[in-house]
$ cat work_8.csv   # CSV, C-alpha atoms
chain,number,residue,atom,x,y,z
A,1,MET,CA,120.7,53.3,77.7
A,2,ARG,CA,124.3,54.7,77.6
A,3,LYS,CA,124.0,55.3,73.9
A,4,THR,CA,120.7,57.2,74.5
A,5,LEU,CA,122.3,59.4,77.1
A,6,THR,CA,125.4,60.0,74.9
A,7,ALA,CA,123.2,61.0,71.9
A,8,LEU,CA,121.1,63.3,74.1
A,9,ALA,CA,124.3,65.0,75.4
A,10,THR,CA,125.6,65.4,71.9
A,11,ILE,CA,122.3,67.0,70.8
A,12,MET,CA,122.3,69.4,73.8
A,13,THR,CA,125.9,70.4,73.0
A,14,LEU,CA,125.1,71.0,69.3
A,15,THR,CA,122.1,73.1,70.1
A,16,GLY,CA,123.8,75.1,72.7
A,17,THR,CA,121.6,73.9,75.5
A,18,ALA,CA,123.2,73.7,78.9
A,19,SER,CA,123.1,70.3,80.5
A,20,ALA,CA,121.7,69.8,84.0
A,21,ALA,CA,123.8,71.7,86.5
A,22,ASP,CA,124.1,72.3,90.2
A,23,LEU,CA,124.5,76.0,90.8
A,24,ARG,CA,124.7,78.4,93.7
A,25,MET,CA,123.2,81.9,93.9
A,26,SER,CA,124.0,84.5,96.6
A,27,TRP,CA,122.1,87.7,97.4
A,28,TRP,CA,121.2,90.1,100.3
A,29,GLY,CA,117.8,91.4,101.2
A,30,GLY,CA,114.9,91.1,103.6
A,31,ASP,CA,112.4,88.3,104.2
A,32,SER,CA,110.1,89.1,101.3
A,33,ARG,CA,113.0,89.1,98.8
A,34,HIS,CA,114.4,85.9,100.3
A,35,VAL,CA,111.0,84.1,99.9
A,36,ALA,CA,110.4,85.4,96.4
A,37,THR,CA,113.9,84.6,95.1
A,38,GLN,CA,113.9,81.0,96.5
A,39,GLU,CA,110.5,80.3,94.9
A,40,ALA,CA,111.7,81.8,91.6
A,41,LEU,CA,114.9,79.8,91.6
A,42,LYS,CA,112.9,76.6,92.1
A,43,VAL,CA,110.6,77.4,89.2
A,44,CYS,CA,113.4,78.5,86.9
A,45,GLY,CA,115.5,75.5,87.9
A,46,GLU,CA,112.7,73.1,87.1
A,47,LYS,CA,112.1,74.9,83.7
A,48,HIS,CA,115.7,74.6,82.6
A,49,GLY,CA,116.7,71.4,84.4
A,50,HIS,CA,119.0,72.9,87.0
A,51,THR,CA,119.2,73.0,90.7
A,52,ILE,CA,120.2,76.2,92.5
A,53,LYS,CA,121.4,76.4,96.1
A,54,ALA,CA,120.3,79.7,97.7
A,55,GLU,CA,122.8,81.6,99.8
A,56,PHE,CA,121.2,84.7,101.3
A,57,THR,CA,121.9,87.2,104.1
A,58,GLY,CA,120.9,90.7,105.2
A,59,TRP,CA,122.7,93.7,103.9
A,60,SER,CA,125.1,94.0,106.9
A,61,GLY,CA,128.3,92.1,106.2
A,62,HIS,CA,127.4,91.0,102.7
A,63,GLN,CA,130.1,93.0,100.9
A,64,GLU,CA,132.7,91.6,103.3
A,65,LYS,CA,131.4,88.1,102.5
A,66,ILE,CA,131.6,88.6,98.8
A,67,THR,CA,135.1,90.1,99.1
A,68,THR,CA,136.3,87.1,101.0
A,69,GLN,CA,134.7,84.7,98.5
A,70,LEU,CA,136.1,86.4,95.5
A,71,ALA,CA,139.6,86.5,97.0
A,72,GLY,CA,139.4,82.7,97.6
A,73,SER,CA,137.5,81.9,94.3
A,74,THR,CA,134.7,80.4,96.4
A,75,GLU,CA,131.9,82.7,95.2
A,76,ALA,CA,128.5,81.5,94.0
A,77,ASP,CA,127.9,81.0,90.3
A,78,ILE,CA,125.3,83.8,90.3
A,79,MET,CA,125.7,86.8,92.5
A,80,GLN,CA,123.7,89.9,93.3
A,81,ILE,CA,126.2,92.7,93.2
A,82,ASN,CA,125.8,96.3,94.4
A,83,TRP,CA,126.5,98.6,91.4
A,84,PRO,CA,129.1,100.8,93.2
A,85,TRP,CA,131.1,97.6,93.9
A,86,LEU,CA,132.0,97.2,90.3
A,87,PRO,CA,135.3,99.2,90.4
A,88,LEU,CA,136.2,97.5,93.7
A,89,PHE,CA,135.8,93.9,92.4
A,90,SER,CA,136.3,94.4,88.7
A,91,LYS,CA,138.3,97.5,87.9
A,92,ASN,CA,139.6,96.1,84.7
A,93,GLY,CA,136.5,94.1,83.8
A,94,ASP,CA,138.0,90.8,84.7
A,95,GLY,CA,136.4,90.3,88.1
A,96,PHE,CA,133.2,88.6,86.6
A,97,ALA,CA,132.2,86.7,83.5
A,98,ASP,CA,131.6,88.8,80.4
A,99,LEU,CA,127.8,88.3,79.8
A,100,THR,CA,128.1,89.3,76.1
A,101,GLN,CA,129.5,85.8,75.7
A,102,TYR,CA,126.1,84.4,76.6
A,103,ALA,CA,124.0,86.6,74.3
A,104,ASP,CA,122.6,83.5,72.8
A,105,VAL,CA,121.0,82.6,76.2
A,106,ILE,CA,120.3,86.0,77.7
A,107,ASP,CA,118.1,88.4,75.8
A,108,LEU,CA,120.2,91.5,76.1
A,109,SER,CA,117.9,93.6,73.9
A,110,GLN,CA,115.6,94.1,76.9
A,111,TRP,CA,118.2,96.6,78.3
A,112,SER,CA,119.2,99.9,76.5
A,113,GLU,CA,122.7,100.3,75.3
A,114,GLU,CA,123.1,103.1,77.8
A,115,LEU,CA,122.0,100.9,80.7
A,116,LEU,CA,124.3,98.0,79.7
A,117,ALA,CA,127.1,100.6,79.6
A,118,THR,CA,126.6,101.2,83.3
A,119,ALA,CA,127.4,97.6,84.1
A,120,THR,CA,130.4,97.5,81.6
A,121,MET,CA,134.0,97.7,82.8
A,122,SER,CA,136.8,97.8,80.2
A,123,ASP,CA,134.3,96.7,77.5
A,124,LYS,CA,133.2,93.7,79.4
A,125,LEU,CA,129.6,93.3,80.5
A,126,ASN,CA,130.0,92.4,84.2
A,127,GLY,CA,126.4,92.1,85.2
A,128,LEU,CA,122.8,92.8,84.2
A,129,PRO,CA,120.9,95.6,86.0
A,130,VAL,CA,118.1,94.0,87.9
A,131,SER,CA,116.3,97.3,88.6
A,132,VAL,CA,117.0,100.9,87.7
A,133,THR,CA,116.6,103.9,89.9
A,134,GLY,CA,117.0,107.5,89.1
A,135,ARG,CA,116.5,110.9,90.7
A,136,VAL,CA,113.2,112.8,89.9
A,137,PHE,CA,111.6,115.9,91.4
A,138,TYR,CA,108.7,115.3,93.8
A,139,LEU,CA,106.4,118.3,94.4
A,140,ASN,CA,103.5,118.5,96.8
A,141,GLN,CA,100.6,120.2,95.0
A,142,THR,CA,98.8,121.4,98.1
A,143,PRO,CA,101.0,124.3,99.3
A,144,PHE,CA,101.1,125.8,95.9
A,145,GLU,CA,97.4,125.5,95.5
A,146,LYS,CA,96.8,127.1,98.8
A,147,VAL,CA,98.5,130.3,97.5
A,148,GLY,CA,96.7,130.2,94.2
A,149,ILE,CA,99.6,129.2,91.9
A,150,ALA,CA,100.2,126.3,89.6
A,151,VAL,CA,102.7,123.6,90.6
A,152,PRO,CA,106.0,124.9,89.2
A,153,THR,CA,107.3,123.2,86.0
A,154,ASN,CA,110.7,125.0,85.7
A,155,TRP,CA,113.3,126.6,87.9
A,156,GLU,CA,112.0,130.1,87.2
A,157,GLU,CA,108.5,129.2,88.5
A,158,LEU,CA,109.9,127.4,91.5
A,159,ILE,CA,112.1,130.3,92.5
A,160,ALA,CA,109.2,132.8,92.0
A,161,SER,CA,106.9,130.7,94.2
A,162,ALA,CA,109.1,131.1,97.3
A,163,PRO,CA,108.1,134.6,98.2
A,164,LYS,CA,104.4,133.8,97.6
A,165,LEU,CA,104.5,130.8,99.9
A,166,LYS,CA,106.3,132.8,102.6
A,167,GLU,CA,104.0,135.8,102.3
A,168,LYS,CA,100.7,133.8,102.5
A,169,LEU,CA,101.7,130.8,104.6
A,170,GLY,CA,104.7,131.7,106.7
A,171,ALA,CA,108.4,132.5,106.6
A,172,ASN,CA,109.2,128.8,107.3
A,173,TYR,CA,107.7,127.6,104.0
A,174,TYR,CA,110.0,126.5,101.2
A,175,PRO,CA,109.0,125.2,97.7
A,176,PHE,CA,112.0,122.8,97.6
A,177,ASP,CA,114.8,121.2,99.7
A,178,ALA,CA,118.4,120.3,99.1
A,179,VAL,CA,120.9,119.6,101.9
A,180,LYS,CA,123.8,117.1,102.4
A,181,LEU,CA,123.5,114.4,99.7
A,182,ASN,CA,120.8,116.3,97.9
A,183,SER,CA,123.1,119.4,97.8
A,184,ILE,CA,125.7,117.3,96.0
A,185,LEU,CA,123.1,115.9,93.6
A,186,ILE,CA,121.5,119.3,92.8
A,187,VAL,CA,125.0,120.8,92.1
A,188,SER,CA,125.8,117.8,90.0
A,189,LEU,CA,122.5,118.0,88.1
A,190,ILE,CA,123.0,121.6,87.2
A,191,THR,CA,126.6,121.1,86.2
A,192,THR,CA,125.8,118.0,84.2
A,193,GLN,CA,123.0,119.8,82.4
A,194,MET,CA,125.3,122.7,81.5
A,195,THR,CA,128.2,120.5,80.3
A,196,GLY,CA,126.5,117.3,79.1
A,197,LYS,CA,129.1,115.4,81.2
A,198,ASP,CA,129.0,113.2,84.3
A,199,LEU,CA,131.2,114.2,87.2
A,200,ILE,CA,133.7,111.5,86.3
A,201,ASP,CA,135.2,111.0,82.8
A,202,PRO,CA,135.1,107.2,82.1
A,203,ALA,CA,138.1,107.5,79.8
A,204,THR,CA,140.4,109.1,82.3
A,205,ASN,CA,138.7,108.3,85.6
A,206,GLN,CA,139.2,111.9,86.6
A,207,VAL,CA,136.7,114.8,87.1
A,208,ALA,CA,135.2,115.8,83.8
A,209,TRP,CA,134.2,119.3,84.8
A,210,THR,CA,136.4,122.4,84.8
A,211,PRO,CA,136.6,124.5,87.9
A,212,GLU,CA,134.6,127.2,86.1
A,213,GLU,CA,131.8,124.8,85.2
A,214,LEU,CA,131.6,123.5,88.7
A,215,ARG,CA,131.7,127.0,90.1
A,216,LYS,CA,128.6,127.8,88.1
A,217,GLY,CA,126.8,124.8,89.5
A,218,LEU,CA,127.7,125.8,93.1
A,219,GLU,CA,126.5,129.3,92.5
A,220,PHE,CA,123.2,128.1,91.2
A,221,TYR,CA,122.8,126.1,94.4
A,222,GLN,CA,123.6,129.2,96.5
A,223,ASN,CA,121.1,131.3,94.6
A,224,LEU,CA,118.4,128.8,95.6
A,225,VAL,CA,119.4,129.5,99.2
A,226,GLU,CA,119.5,133.3,98.8
A,227,THR,CA,116.0,133.4,97.1
A,228,GLY,CA,114.5,131.3,99.9
A,229,THR,CA,113.8,128.5,97.5
A,230,ILE,CA,115.6,126.0,99.7
A,231,ARG,CA,116.6,126.1,103.4
A,232,ALA,CA,120.1,127.3,104.3
A,233,TRP,CA,122.4,124.5,105.3
A,234,LYS,CA,122.5,125.6,109.0
A,235,ASP,CA,118.7,125.6,109.2
A,236,ALA,CA,118.3,122.2,107.6
A,237,VAL,CA,121.0,120.4,109.7
A,238,ALA,CA,119.6,122.0,112.9
A,239,VAL,CA,116.7,119.6,112.6
A,240,GLY,CA,119.1,116.8,113.3
A,241,ASN,CA,120.0,113.6,111.5
A,242,VAL,CA,116.5,112.9,110.3
A,243,GLU,CA,115.4,111.9,106.8
A,244,LEU,CA,113.3,114.5,105.1
A,245,PHE,CA,110.2,112.2,104.9
A,246,ASP,CA,110.4,111.9,108.7
A,247,GLU,CA,110.4,115.7,109.3
A,248,PRO,CA,107.2,117.4,110.4
A,249,ALA,CA,108.0,120.2,107.9
A,250,TRP,CA,107.6,117.7,105.1
A,251,ALA,CA,104.5,116.0,106.5
A,252,GLU,CA,102.8,119.4,107.1
A,253,GLY,CA,103.6,120.7,103.6
A,254,ARG,CA,106.1,123.4,104.8
A,255,ILE,CA,108.6,122.0,102.3
A,256,GLY,CA,107.0,121.6,98.9
A,257,GLY,CA,109.4,119.4,97.1
A,258,SER,CA,112.6,117.4,96.8
A,259,TYR,CA,114.9,115.6,94.5
A,260,GLU,CA,114.7,111.9,95.3
A,261,TRP,CA,115.0,108.3,93.9
A,262,ASP,CA,111.9,107.3,91.9
A,263,SER,CA,111.7,104.1,93.9
A,264,THR,CA,111.1,106.0,97.2
A,265,PHE,CA,107.8,107.6,96.1
A,266,SER,CA,105.7,106.0,98.8
A,267,LYS,CA,108.2,107.0,101.5
A,268,TYR,CA,107.6,110.7,100.6
A,269,ALA,CA,103.9,110.4,99.7
A,270,ASP,CA,102.6,108.4,102.7
A,271,PRO,CA,103.6,110.9,105.4
A,272,LEU,CA,101.8,113.9,103.9
A,273,LYS,CA,99.0,115.0,106.1
A,274,ASP,CA,97.4,117.3,103.6
A,275,GLY,CA,98.9,116.9,100.1
A,276,LYS,CA,99.2,115.1,96.9
A,277,LEU,CA,102.7,114.2,95.6
A,278,MET,CA,103.5,114.3,91.9
A,279,PRO,CA,106.7,113.2,90.2
A,280,LEU,CA,108.3,115.6,87.6
A,281,LYS,CA,111.3,115.6,85.4
A,282,PRO,CA,114.2,117.5,87.0
A,283,PHE,CA,114.0,121.1,85.8
A,284,LYS,CA,116.5,122.2,83.2
A,285,VAL,CA,118.7,125.3,83.4
A,286,SER,CA,118.9,127.7,80.6
A,287,GLY,CA,121.2,126.4,77.8
A,288,ALA,CA,121.2,122.8,79.1
A,289,THR,CA,122.6,120.2,76.7
A,290,THR,CA,121.0,117.3,78.5
A,291,GLU,CA,118.3,116.7,81.1
A,292,GLY,CA,121.0,115.3,83.3
A,293,MET,CA,119.1,112.3,84.5
A,294,TYR,CA,121.1,110.5,87.3
A,295,ARG,CA,120.1,107.0,86.4
A,296,LYS,CA,121.9,103.9,87.7
A,297,PRO,CA,121.4,100.2,88.4
A,298,SER,CA,120.3,99.6,92.0
A,299,MET,CA,122.0,96.2,91.8
A,300,MET,CA,123.1,93.6,89.2
A,301,PHE,CA,123.1,89.9,88.7
A,302,SER,CA,126.6,88.7,87.8
A,303,ILE,CA,128.1,85.4,86.9
A,304,SER,CA,131.3,84.2,88.5
A,305,LYS,CA,134.3,84.1,86.2
A,306,ASN,CA,135.1,80.8,88.0
A,307,SER,CA,131.8,79.2,87.4
A,308,LYS,CA,132.0,75.7,85.9
A,309,GLU,CA,128.5,76.1,84.4
A,310,PRO,CA,128.3,79.7,83.1
A,311,LYS,CA,125.8,78.9,80.4
A,312,ALA,CA,123.4,77.2,82.9
A,313,ALA,CA,123.8,80.3,85.2
A,314,ALA,CA,123.0,82.5,82.2
A,315,GLN,CA,119.8,80.5,81.6
A,316,ILE,CA,118.7,81.1,85.2
A,317,ILE,CA,119.5,84.8,85.1
A,318,ASN,CA,117.4,85.1,81.9
A,319,CYS,CA,114.6,83.3,83.5
A,320,LEU,CA,114.6,85.5,86.6
A,321,LEU,CA,114.9,88.8,84.7
A,322,ASN,CA,113.1,88.2,81.3
A,323,GLU,CA,110.9,85.1,81.4
A,324,PRO,CA,107.4,85.3,82.9
A,325,GLU,CA,107.9,82.4,85.2
A,326,GLY,CA,110.6,84.2,87.1
A,327,VAL,CA,109.5,87.7,86.6
A,328,LYS,CA,106.0,87.2,88.1
A,329,ILE,CA,107.4,85.6,91.2
A,330,LEU,CA,110.1,88.2,91.9
A,331,GLY,CA,107.7,91.0,91.2
A,332,ASP,CA,109.1,94.3,92.6
A,333,SER,CA,111.1,92.6,95.4
A,334,ARG,CA,114.2,94.3,94.0
A,335,GLY,CA,112.4,97.5,92.7
A,336,LEU,CA,110.9,98.1,89.3
A,337,PRO,CA,112.6,95.8,86.8
A,338,ALA,CA,115.2,97.2,84.4
A,339,SER,CA,114.3,94.6,81.8
A,340,ALA,CA,111.7,96.1,79.4
A,341,ILE,CA,109.8,92.8,79.1
A,342,ALA,CA,109.8,92.3,82.8
A,343,LEU,CA,108.4,95.7,83.4
A,344,LYS,CA,105.7,95.2,80.8
A,345,THR,CA,104.8,91.8,82.3
A,346,LEU,CA,104.3,93.2,85.8
A,347,SER,CA,102.4,96.2,84.5
A,348,ASP,CA,100.1,94.0,82.4
A,349,GLU,CA,99.5,92.0,85.6
A,350,GLY,CA,98.5,95.2,87.4
A,351,LYS,CA,101.1,94.6,90.1
A,352,LEU,CA,102.7,98.1,90.0
A,353,SER,CA,101.7,101.4,91.5
A,354,PRO,CA,100.6,104.0,88.8
A,355,SER,CA,102.6,106.7,90.6
A,356,LEU,CA,105.7,104.6,90.8
A,357,LEU,CA,105.4,103.7,87.2
A,358,GLU,CA,105.0,107.4,86.3
A,359,ALA,CA,108.2,108.2,88.2
A,360,ASN,CA,110.1,105.3,86.6
A,361,GLN,CA,108.9,106.4,83.2
A,362,ILE,CA,110.5,109.8,83.8
A,363,VAL,CA,113.8,108.1,84.8
A,364,MET,CA,113.8,105.8,81.8
A,365,THR,CA,112.9,108.3,79.1
A,366,SER,CA,115.0,111.3,80.3
A,367,SER,CA,118.4,112.0,78.8
A,368,GLY,CA,121.7,112.0,80.7
A,369,PRO,CA,125.3,110.7,80.4
A,370,THR,CA,126.3,107.3,81.8
A,371,VAL,CA,127.0,107.7,85.4
A,372,SER,CA,130.2,106.3,86.9
A,373,PRO,CA,130.0,104.1,90.0
A,374,TYR,CA,132.8,106.2,91.4
A,375,ASN,CA,130.3,109.0,91.9
A,376,GLU,CA,129.2,107.0,95.0
A,377,HIS,CA,132.6,106.1,96.4
A,378,PRO,CA,132.4,107.2,100.0
A,379,LYS,CA,135.5,109.3,99.8
A,380,VAL,CA,134.2,111.1,96.7
A,381,ARG,CA,130.9,111.9,98.4
A,382,GLU,CA,132.8,113.0,101.6
A,383,ILE,CA,135.0,115.5,99.7
A,384,PHE,CA,132.0,116.9,97.8
A,385,GLU,CA,129.8,117.3,100.9
A,386,ASP,CA,132.6,118.9,103.0
A,387,ALA,CA,133.4,121.5,100.4
A,388,ILE,CA,129.7,122.4,99.9
A,389,GLU,CA,129.3,122.7,103.7
A,390,GLU,CA,132.2,125.1,103.9
A,391,TYR,CA,130.8,127.1,101.0
A,392,ALA,CA,127.4,127.2,102.6
A,393,TYR,CA,128.8,128.6,105.8
A,394,GLY,CA,130.7,131.2,103.9
A,395,GLN,CA,134.1,129.8,104.9
A,396,ILE,CA,135.2,129.5,101.2
A,397,ASP,CA,133.8,130.9,98.0
A,398,ALA,CA,132.5,129.0,95.0
A,399,GLU,CA,135.8,129.1,93.1
A,400,GLU,CA,137.7,127.7,96.1
A,401,ALA,CA,135.1,125.0,96.7
A,402,ALA,CA,135.2,124.0,93.0
A,403,GLY,CA,139.0,123.7,93.1
A,404,ILE,CA,139.0,121.7,96.3
A,405,ILE,CA,136.3,119.3,95.0
A,406,ILE,CA,138.1,118.7,91.7
A,407,ASP,CA,141.7,118.4,93.1
A,408,ASP,CA,140.8,116.2,96.0
A,409,ILE,CA,138.5,113.8,94.0
A,410,ASN,CA,141.2,113.5,91.3
A,411,GLU,CA,143.8,112.6,93.9
A,412,THR,CA,141.5,110.1,95.5
A,413,LEU,CA,140.6,108.5,92.1
A,414,SER,CA,144.3,108.3,91.2
A,415,ASN,CA,145.0,106.3,94.3
A,416,LEU,CA,142.2,103.8,93.9
$ encode --input "work_8.csv" --output "structure tokens"
Amino acid sequence: MRKTLTALATIMTLTGTASAADLRMSWWGGDSRHVATQEALKVCGEKHGHTIKAEFTGWSGHQEKITTQLAGSTEADIMQINWPWLPLFSKNGDGFADLTQYADVIDLSQWSEELLATATMSDKLNGLPVSVTGRVFYLNQTPFEKVGIAVPTNWEELIASAPKLKEKLGANYYPFDAVKLNSILIVSLITTQMTGKDLIDPATNQVAWTPEELRKGLEFYQNLVETGTIRAWKDAVAVGNVELFDEPAWAEGRIGGSYEWDSTFSKYADPLKDGKLMPLKPFKVSGATTEGMYRKPSMMFSISKNSKEPKAAAQIINCLLNEPEGVKILGDSRGLPASAIALKTLSDEGKLSPSLLEANQIVMTSSGPTVSPYNEHPKVREIFEDAIEEYAYGQIDAEEAAGIIIDDINETLSNL
């Protein structure tokens, strides 16, 4: 018997197959995600001969839990990691296992090189994007049809539609919206299109745009306000701290469009009382060098650098993200899958909304530079928003706002 087991172990070692392992996996989420993940872990564990202990929580407090575990080297073998946490936990790429070391187990070809780059720190692949989200334009066809014009397909048509909507439907009608976070993202979209560069240069970890380039992006935003294409800052914030999809102005079609995550389609489509929402590629400015798609992983699966069974962990990750047994069970519990084969599997099964697929197709096929996770650092967002607000209220001009944004973000990044 002992000889048989020894021979089996030798064969498994020579063939690169991981022996039976006891693993742990941690994640955050809601009940539906918890149920689906536990079931998928059971099926994938049985398929590959491993057992996986599930460790799950809600969103609140999960980052603090992971921080404590990483500090004490007590983290799970497989972890669900929020994408903006990468520079916090693995600034030099050594916070997690390098998944390129397990390319014989994980089919990395199911992710584009660009997408893998978003999860790479210092040339080390620190995780696999579980799902991908990106910003698309959502336009409600109904208000445009009411005034006898086609749904705009570019900035010129969108801006030209504003006076027509106001004349025929009312002064409080706007073809688009952009305030607070969306003001940042619209300015960033325009500046990225003009320069071909993300806000942050990955080589220097400093702002990639010049003050002149950012000034032009800010002025484009202000032109949208002055032409009545979007609400002025003061008018939008007067509504209160309410999400756009919860505003009566959105439900009633008085705001015709917005720039939102593809994964939120139903949030914006469902409240419409009289309308049909359609996803569109973000409009390009004249002379654009890229479509400027803001595309990022919503979350990743990473392997602990301290795992005693990293190859077994890699097998489970591949099962969850690429193999039909895991993919069908997880479904869209973490959004539309980033893995090409997983997305095809669920689409073939008829488990995905056609509108959601259309929006995701825009995200996945549009061009844009790799986005730095530092874009979403709370301090970076705060600096950007505060400067735009001052600019919107006329307290500073576009040149001053650009200078403040660049100088203060650079200082913040230098101290991280």
$ closest_residue --input "work_8.csv" --among "A:Val371, A:Ala160, A:Leu272, A:Val179" --to "Thr120 (chain A)" --atoms "all atoms listed in the file"
A:Val371
$ residues_around --input "work_8.csv" --residues "Phe96 (chain A)" --least-positions-apart "2" --cutoff "6 Å" --atoms "only C-alpha atoms" --output "mmCIF file with C-alpha atoms, in the frame of the given file"
data_model
loop_
_atom_site.group_PDB
_atom_site.id
_atom_site.type_symbol
_atom_site.label_atom_id
_atom_site.label_comp_id
_atom_site.auth_asym_id
_atom_site.auth_seq_id
_atom_site.Cartn_x
_atom_site.Cartn_y
_atom_site.Cartn_z
ATOM 1 C CA ASP A 94 138.000 90.800 84.700
ATOM 2 C CA ASN A 126 130.000 92.400 84.200
ATOM 3 C CA SER A 304 131.300 84.200 88.500
ATOM 4 C CA LYS A 305 134.300 84.100 86.200
#
$ closest_residue --input "work_8.csv" --among "A:Met194, A:Ile406, A:Val239, A:Met300" --to "Gln80 (chain A)" --atoms "only C-alpha atoms"
A:Met300
$ closest_residue --input "work_8.csv" --among "A:Leu280, A:Ala392, A:Ala208, A:Leu346" --to "Gln222 (chain A)" --atoms "all atoms listed in the file"
A:Ala392
$ closest_residue --input "work_8.csv" --among "A:Pro271, A:Pro143, A:Pro279, A:Gly331" --to "Gly170 (chain A)" --atoms "all atoms listed in the file"
A:Pro143
$ atom_distance --input "work_8.csv" --atom1 "CA of Gly45 (chain A)" --atom2 "CA of Leu330 (chain A)"
14.4 Å
$ residues_around --input "work_8.csv" --residues "Ser258 (chain A)" --least-positions-apart "2" --cutoff "12 Å" --atoms "only C-alpha atoms" --output "VMD selection string"
chain A and resid 135 to 140 158 174 to 179 181 to 183 185 to 186 229 to 231 243 to 245 250 253 to 256 260 to 262 264 to 265 268 to 269 277 to 283
$ atom_distance --input "work_8.csv" --atom1 "CA of Ala119 (chain A)" --atom2 "CA of Ser298 (chain A)"
10.8 Å
$ atom_distance --input "work_8.csv" --atom1 "CA of Trp83 (chain A)" --atom2 "CA of Lys124 (chain A)"
14.6 Å
$ residues_near_point --input "work_8.csv" --point "(135.9, 122.9, 88.7)" --cutoff "8 Å" --atoms "only C-alpha atoms" --output "PDB file with C-alpha atoms, in the frame of the given file"
ATOM      1  CA  TRP A 209     134.200 119.300  84.800  1.00  0.00           C
ATOM      2  CA  THR A 210     136.400 122.400  84.800  1.00  0.00           C
ATOM      3  CA  PRO A 211     136.600 124.500  87.900  1.00  0.00           C
ATOM      4  CA  GLU A 212     134.600 127.200  86.100  1.00  0.00           C
ATOM      5  CA  GLU A 213     131.800 124.800  85.200  1.00  0.00           C
ATOM      6  CA  LEU A 214     131.600 123.500  88.700  1.00  0.00           C
ATOM      7  CA  ARG A 215     131.700 127.000  90.100  1.00  0.00           C
ATOM      8  CA  GLU A 399     135.800 129.100  93.100  1.00  0.00           C
ATOM      9  CA  ALA A 402     135.200 124.000  93.000  1.00  0.00           C
ATOM     10  CA  GLY A 403     139.000 123.700  93.100  1.00  0.00           C
ATOM     11  CA  ILE A 405     136.300 119.300  95.000  1.00  0.00           C
ATOM     12  CA  ILE A 406     138.100 118.700  91.700  1.00  0.00           C
TER      13      ILE A 406
END
$ closest_atom_pairs --input "work_8.csv" --of "region 96-118 of chain A" --to "region 313-317 of chain A" --cutoff "9 Å" --atoms "only C-alpha atoms" --output "CSV"
residue,atom,partner,partner_atom,distance
A:Leu99,CA,A:Ala314,CA,7.9
A:Tyr102,CA,A:Ala314,CA,6.7
A:Ala103,CA,A:Ala314,CA,9.0
A:Val105,CA,A:Gln315,CA,5.9
A:Ile106,CA,A:Ala314,CA,6.3
$ closest_residue --input "work_8.csv" --among "A:Val35, A:Cys44, A:Val132, A:Met293" --to "Glu323 (chain A)" --atoms "all atoms listed in the file"
A:Cys44
$ residues_near_point --input "work_8.csv" --point "(116.7, 98.3, 87.3)" --cutoff "12 Å" --atoms "all atoms listed in the file" --output "CSV table (one decimal) with C-alpha atoms, in the frame of the given file"
chain,number,residue,atom,x,y,z
A,82,ASN,CA,125.8,96.3,94.4
A,83,TRP,CA,126.5,98.6,91.4
A,110,GLN,CA,115.6,94.1,76.9
A,111,TRP,CA,118.2,96.6,78.3
A,112,SER,CA,119.2,99.9,76.5
A,115,LEU,CA,122.0,100.9,80.7
A,116,LEU,CA,124.3,98.0,79.7
A,118,THR,CA,126.6,101.2,83.3
A,119,ALA,CA,127.4,97.6,84.1
A,127,GLY,CA,126.4,92.1,85.2
A,128,LEU,CA,122.8,92.8,84.2
A,129,PRO,CA,120.9,95.6,86.0
A,130,VAL,CA,118.1,94.0,87.9
A,131,SER,CA,116.3,97.3,88.6
A,132,VAL,CA,117.0,100.9,87.7
A,133,THR,CA,116.6,103.9,89.9
A,134,GLY,CA,117.0,107.5,89.1
A,262,ASP,CA,111.9,107.3,91.9
A,263,SER,CA,111.7,104.1,93.9
A,295,ARG,CA,120.1,107.0,86.4
A,296,LYS,CA,121.9,103.9,87.7
A,297,PRO,CA,121.4,100.2,88.4
A,298,SER,CA,120.3,99.6,92.0
A,299,MET,CA,122.0,96.2,91.8
A,300,MET,CA,123.1,93.6,89.2
A,301,PHE,CA,123.1,89.9,88.7
A,321,LEU,CA,114.9,88.8,84.7
A,332,ASP,CA,109.1,94.3,92.6
A,333,SER,CA,111.1,92.6,95.4
A,334,ARG,CA,114.2,94.3,94.0
A,335,GLY,CA,112.4,97.5,92.7
A,336,LEU,CA,110.9,98.1,89.3
A,337,PRO,CA,112.6,95.8,86.8
A,338,ALA,CA,115.2,97.2,84.4
A,339,SER,CA,114.3,94.6,81.8
A,340,ALA,CA,111.7,96.1,79.4
A,342,ALA,CA,109.8,92.3,82.8
A,343,LEU,CA,108.4,95.7,83.4
A,360,ASN,CA,110.1,105.3,86.6
A,361,GLN,CA,108.9,106.4,83.2
A,363,VAL,CA,113.8,108.1,84.8
A,364,MET,CA,113.8,105.8,81.8
$ closest_residue --input "work_8.csv" --among "A:Glu167, A:Asp201, A:Asp77, A:Glu411" --to "Thr370 (chain A)" --atoms "all atoms listed in the file"
A:Asp201
$ residues_around --input "work_8.csv" --residues "Ile66 (chain A)" --least-positions-apart "4" --cutoff "8 Å" --atoms "only C-alpha atoms" --output "list of chain:residue names"
A:His62, A:Leu70, A:Glu75
$ residues_around --input "work_8.csv" --residues "Ser372 (chain A)" --least-positions-apart "3" --cutoff "10 Å" --atoms "only C-alpha atoms" --output "list of chain:residue names"
A:Trp83, A:Pro84, A:Leu86, A:Pro87, A:Ala117, A:Thr118, A:Ala119, A:Asp198, A:Leu199, A:Ile200, A:Asp201, A:Pro202, A:Asn205, A:Lys296, A:Pro369, A:Asn375, A:Glu376, A:His377
